[in-house]
Amino acid sequence: MNTRRLPIPALRWATAATLAAGGYIHAQLYVDEYRFIHIIGPLFLLQAGASFALAALLLLGTPPLLLRAAAAGVALGALGGFTASRTVGVFGFTERGLQPAPQAVLSLLAETGTLLLLAIWQMTVATQHRAARPPVRPPIPNRATTRTPFD
């Protein structure tokens, strides 16, 4: 994939969209089902709020690396919570499979999409920085001051 052709604004908007989608799903689950679950409910609300805030900050302009890292952290946190809730449990709360449907699948797609877009964005930024730097040339030896073993 040629990352030079992907413009940063498109990546910024797409990342904000997937982040906001994940936040919306968590907010919907909080309102519909999870608000009465001790500790888990507020974590869903926190996930939604953080996702919406970071999506808004991404839309304000090209963010620094720290903001992109925070967005990745939110997406990883959601995926980690999803995995933990289906394996070891989170604060005594466990779920099975891809329930609640369809929100579980949609959340997985949104969070994975966020991480994929952030990775492409980072590769694009790195490629652009590399292309903008002038090549480093070795110094040309001065024959007058360079001595050879046969001099």
# chains A, B, ... in the order shown; residues from 1 in each chain; ligands from 1
>>> residues_around(residues="Ala119 (chain A)", least_positions_apart="5", cutoff="10 Å", atoms="only C-alpha atoms", output="list in words")
Arg68, Ala72, Gly113, Thr114, Thr124 and Val125 of chain A
>>> residues_around(residues="Ser51 (chain A)", least_positions_apart="2", cutoff="8 Å", atoms="only C-alpha atoms", output="JSON, numbers by chain")
{"A": [19, 20, 22, 23, 47, 48, 49, 53, 54, 55, 71, 74]}
>>> residues_around(residues="Arg35 (chain A)", least_positions_apart="5", cutoff="12 Å", atoms="only C-alpha atoms", output="ChimeraX atom specification")
/A:26-30,40-46
>>> write_last_selection(atoms="N, CA and C atoms", output="compact mmCIF listing (two decimals), in the first residue's frame")
# COMPACT_ATOMS: atom_id res chain seq x y z
N HIS A 26 -20.65 2.58 22.92
CA HIS A 26 -20.50 2.46 24.37
C HIS A 26 -21.54 3.31 25.10
N ALA A 27 -21.84 4.50 24.59
CA ALA A 27 -22.86 5.34 25.21
C ALA A 27 -24.24 4.68 25.12
N GLN A 28 -24.53 4.09 23.97
CA GLN A 28 -25.81 3.41 23.79
C GLN A 28 -25.93 2.22 24.74
N LEU A 29 -24.87 1.45 24.86
CA LEU A 29 -24.90 0.30 25.78
C LEU A 29 -25.04 0.76 27.23
N TYR A 30 -24.40 1.88 27.56
CA TYR A 30 -24.53 2.41 28.92
C TYR A 30 -25.99 2.76 29.20
N ILE A 40 -18.77 -1.32 36.03
CA ILE A 40 -18.77 -1.52 34.58
C ILE A 40 -19.54 -0.40 33.89
N GLY A 41 -20.69 -0.03 34.42
CA GLY A 41 -21.50 1.04 33.83
C GLY A 41 -20.72 2.34 33.69
N PRO A 42 -20.13 2.84 34.79
CA PRO A 42 -19.33 4.06 34.66
C PRO A 42 -18.14 3.92 33.72
N LEU A 43 -17.56 2.73 33.61
CA LEU A 43 -16.46 2.53 32.66
C LEU A 43 -16.94 2.66 31.21
N PHE A 44 -18.16 2.20 30.94
CA PHE A 44 -18.72 2.38 29.60
C PHE A 44 -18.93 3.87 29.31
N LEU A 45 -19.41 4.59 30.31
CA LEU A 45 -19.61 6.03 30.14
C LEU A 45 -18.28 6.75 29.96
N LEU A 46 -17.27 6.35 30.70
CA LEU A 46 -15.94 6.93 30.56
C LEU A 46 -15.36 6.64 29.17
>>> residues_around(residues="Ala84 (chain A)", least_positions_apart="5", cutoff="12 Å", atoms="only C-alpha atoms", output="list in words")
Leu76, Gly77, Ala78, Leu79, Gly89, Val90, Phe91, Gly92, Phe93, Thr94, Glu95, Arg96 and Gly97 of chain A
